[in-house]
Amino acid sequence: MDKGRIERYIDDIISSGKGVLMGLVDPDKQNPKKGVNLAKQMCDGGADIIMIGGSTGVEGKELDDTAKMIKEQVNVPVHLFPGNVGNITKYADSTYFMSLLNSKNRYWITGAQKLGAPLVQQCGIEAIPAGYLVFEPGQTVGRIGEAELIPRSGEKEA
C-alpha cells in the first residue's frame with residue numbers, strides 16, 4: 001500500500017535527520033477555543049503535527065469542533081490519536097490506525113480497527129498504521145485497553 005501525504009511528510013522530516021514533534025490536544029481536557037490556543041502555542045514552539053485525542057470522552061461535536069477550529073488556525077497537519085472507534089472526525093488530515101499489541105482483549109488488537117475502518121474511509125482521512133505498547137504503570141490507556149503491562153525494569157515475567 002502506498003504511503004499517503006501525511007505519512008510521507010513524517011518520513012521526510014525523519015529523513016532530514018530531525019525528530020518529529022507532535023503536540024497533543026485532548027478535547028476532554030479543554031473546550032475547542034482553548035484547544036486552538038494550545039495548538040497555536042505548540043506550533044509556535046516547533047510542532048510539526050497537532051494530534052487530537054485521548055483515552056476517554058473524545059468524540060462527537062466536541063471532537064469535530066476542536067479539529068475543525070484547529071485545522072483553520074494552524075499550518076501543520078491535524079492528526080487523530082484515537083482512543084476508540086468514536087474518535088474519528090472528517091476534519092482531521094490523518095489518524096493512527098492503531099493496534100494495542102499487548103492487550104488481553106482482542107477488541108483492542110483488531111476489533112476496533114475492523115469497526116473503525118469504514119468510518120475512516122468514509123471520512124477520507126489518511127490511515128497511518130501503528131503498533132502501540134503500554135509500559136508500567138499503564139495509567140488510563142493500560143486500564144481501558146486491558147494491557148498486559150510491560151515492566152519498566154526490563155525484567156521478564158514468568
# chains A, B, ... in the order shown; residues from 1 in each chain; ligands from 1
>>> select_by_dssp(residues="range 6-125 of chain A", states="helix (DSSP H, G or I)", output="PyMOL selection string")
chain A and resi 6-15+32-44+60-73+106-123
>>> closest_residue(among="A:Asp65, A:Glu72, A:Asp26, A:Asp12", to="Asp48 in chain A", atoms="only C-alpha atoms")
A:Asp12
>>> closest_residue(among="A:Lys3, A:Arg143, A:Lys90, A:Arg8", to="Asp64 in chain A", atoms="only C-alpha atoms")
A:Lys90
>>> atom_distance(atom1="CA of Arg106 in chain A", atom2="CA of Gly131 in chain A")
13.8 Å
>>> closest_atom_pairs(of="range 50-152 of chain A", to="range 30-44 of chain A", cutoff="7 Å", atoms="only C-alpha atoms", output="tab-separated table")
residue	atom	partner	partner_atom	distance
A:Ile50	CA	A:Ala39	CA	6.5
A:Glu62	CA	A:Pro32	CA	7.0
A:Asp65	CA	A:Pro32	CA	6.2
A:Thr66	CA	A:Pro32	CA	4.4
A:Met69	CA	A:Val36	CA	6.5
A:Ile70	CA	A:Val36	CA	5.0
A:Val74	CA	A:Lys40	CA	6.4
>>> atom_distance(atom1="CA of Thr95 in chain A", atom2="CA of Lys18 in chain A")
21.6 Å
>>> closest_residue(among="A:Pro151, A:Gly145, A:Gly60, A:Gly23", to="Gly46 in chain A", atoms="only C-alpha atoms")
A:Gly23
>>> residues_around(residues="Tyr96 in chain A", least_positions_apart="3", cutoff="6 Å", atoms="only C-alpha atoms", output="PyMOL selection string")
chain A and resi 81+127-129
>>> write_last_selection(atoms="C-alpha atoms", output="PDB file, in the first residue's frame")
ATOM      1  CA  PHE A  81      -4.707   9.867  18.245  1.00  0.00           C
ATOM      2  CA  ALA A 127      -4.858   5.966   7.998  1.00  0.00           C
ATOM      3  CA  ILE A 128      -1.319   5.532   9.296  1.00  0.00           C
ATOM      4  CA  PRO A 129      -0.627   2.073  10.749  1.00  0.00           C
TER       5      PRO A 129
END
>>> residues_around(residues="Asn84 in chain A", least_positions_apart="4", cutoff="12 Å", atoms="only C-alpha atoms", output="JSON, numbers by chain")
{"A": [53, 54, 55, 56, 57, 58, 59, 80, 88, 95, 96, 97, 98, 99, 100, 107, 108, 109, 110, 111, 112, 113, 114, 115, 116, 117, 119, 141, 144, 145]}
>>> closest_residue(among="A:Ile49, A:Val20, A:Gln121, A:Leu149", to="Val76 in chain A", atoms="only C-alpha atoms")
A:Ile49
>>> select_by_dssp(residues="range 8-155 of chain A", states="strand (DSSP E)", output="MDAnalysis selection string")
chainID A and resid 22:25 49:53 78:81 94:100 126:132
>>> closest_residue(among="A:Leu133, A:Ala47, A:Leu101, A:Leu21", to="Asn75 in chain A", atoms="only C-alpha atoms")
A:Ala47
>>> closest_residue(among="A:Val134, A:Arg152, A:Ala92, A:Glu146", to="Lys71 in chain A", atoms="only C-alpha atoms")
A:Ala92
>>> atom_distance(atom1="CA of Asn87 in chain A", atom2="CA of Phe135 in chain A")
22.8 Å
>>> decode(residues="range 28-40 of chain A", atoms="N, CA and C atoms", output="PDB file, in the first residue's frame")
ATOM      1  N   ASP A  28     -11.103  16.446  25.726  1.00  0.00           N
ATOM      2  CA  ASP A  28     -11.749  16.146  27.005  1.00  0.00           C
ATOM      3  C   ASP A  28     -11.199  17.028  28.123  1.00  0.00           C
ATOM      4  N   LYS A  29     -10.067  17.675  27.870  1.00  0.00           N
ATOM      5  CA  LYS A  29      -9.401  18.465  28.916  1.00  0.00           C
ATOM      6  C   LYS A  29      -9.660  19.972  28.804  1.00  0.00           C
ATOM      7  N   GLN A  30     -10.130  20.432  27.637  1.00  0.00           N
ATOM      8  CA  GLN A  30     -10.430  21.849  27.469  1.00  0.00           C
ATOM      9  C   GLN A  30     -11.419  22.026  26.334  1.00  0.00           C
ATOM     10  N   ASN A  31     -12.053  23.201  26.287  1.00  0.00           N
ATOM     11  CA  ASN A  31     -13.019  23.474  25.223  1.00  0.00           C
ATOM     12  C   ASN A  31     -12.278  23.740  23.908  1.00  0.00           C
ATOM     13  N   PRO A  32     -12.999  23.747  22.770  1.00  0.00           N
ATOM     14  CA  PRO A  32     -12.330  23.925  21.480  1.00  0.00           C
ATOM     15  C   PRO A  32     -11.491  25.202  21.372  1.00  0.00           C
ATOM     16  N   LYS A  33     -11.973  26.307  21.912  1.00  0.00           N
ATOM     17  CA  LYS A  33     -11.222  27.565  21.820  1.00  0.00           C
ATOM     18  C   LYS A  33      -9.879  27.464  22.538  1.00  0.00           C
ATOM     19  N   LYS A  34      -9.868  26.869  23.722  1.00  0.00           N
ATOM     20  CA  LYS A  34      -8.611  26.678  24.446  1.00  0.00           C
ATOM     21  C   LYS A  34      -7.724  25.674  23.711  1.00  0.00           C
ATOM     22  N   GLY A  35      -8.351  24.680  23.085  1.00  0.00           N
ATOM     23  CA  GLY A  35      -7.596  23.714  22.289  1.00  0.00           C
ATOM     24  C   GLY A  35      -6.872  24.379  21.128  1.00  0.00           C
ATOM     25  N   VAL A  36      -7.545  25.334  20.478  1.00  0.00           N
ATOM     26  CA  VAL A  36      -6.925  26.087  19.380  1.00  0.00           C
ATOM     27  C   VAL A  36      -5.736  26.885  19.900  1.00  0.00           C
ATOM     28  N   ASN A  37      -5.914  27.566  21.027  1.00  0.00           N
ATOM     29  CA  ASN A  37      -4.811  28.350  21.601  1.00  0.00           C
ATOM     30  C   ASN A  37      -3.618  27.460  21.939  1.00  0.00           C
ATOM     31  N   LEU A  38      -3.897  26.298  22.504  1.00  0.00           N
ATOM     32  CA  LEU A  38      -2.835  25.347  22.823  1.00  0.00           C
ATOM     33  C   LEU A  38      -2.133  24.883  21.547  1.00  0.00           C
ATOM     34  N   ALA A  39      -2.898  24.566  20.506  1.00  0.00           N
ATOM     35  CA  ALA A  39      -2.315  24.137  19.232  1.00  0.00           C
ATOM     36  C   ALA A  39      -1.428  25.225  18.631  1.00  0.00           C
ATOM     37  N   LYS A  40      -1.864  26.467  18.701  1.00  0.00           N
ATOM     38  CA  LYS A  40      -1.058  27.583  18.186  1.00  0.00           C
ATOM     39  C   LYS A  40       0.256  27.698  18.960  1.00  0.00           C
TER      40      LYS A  40
END
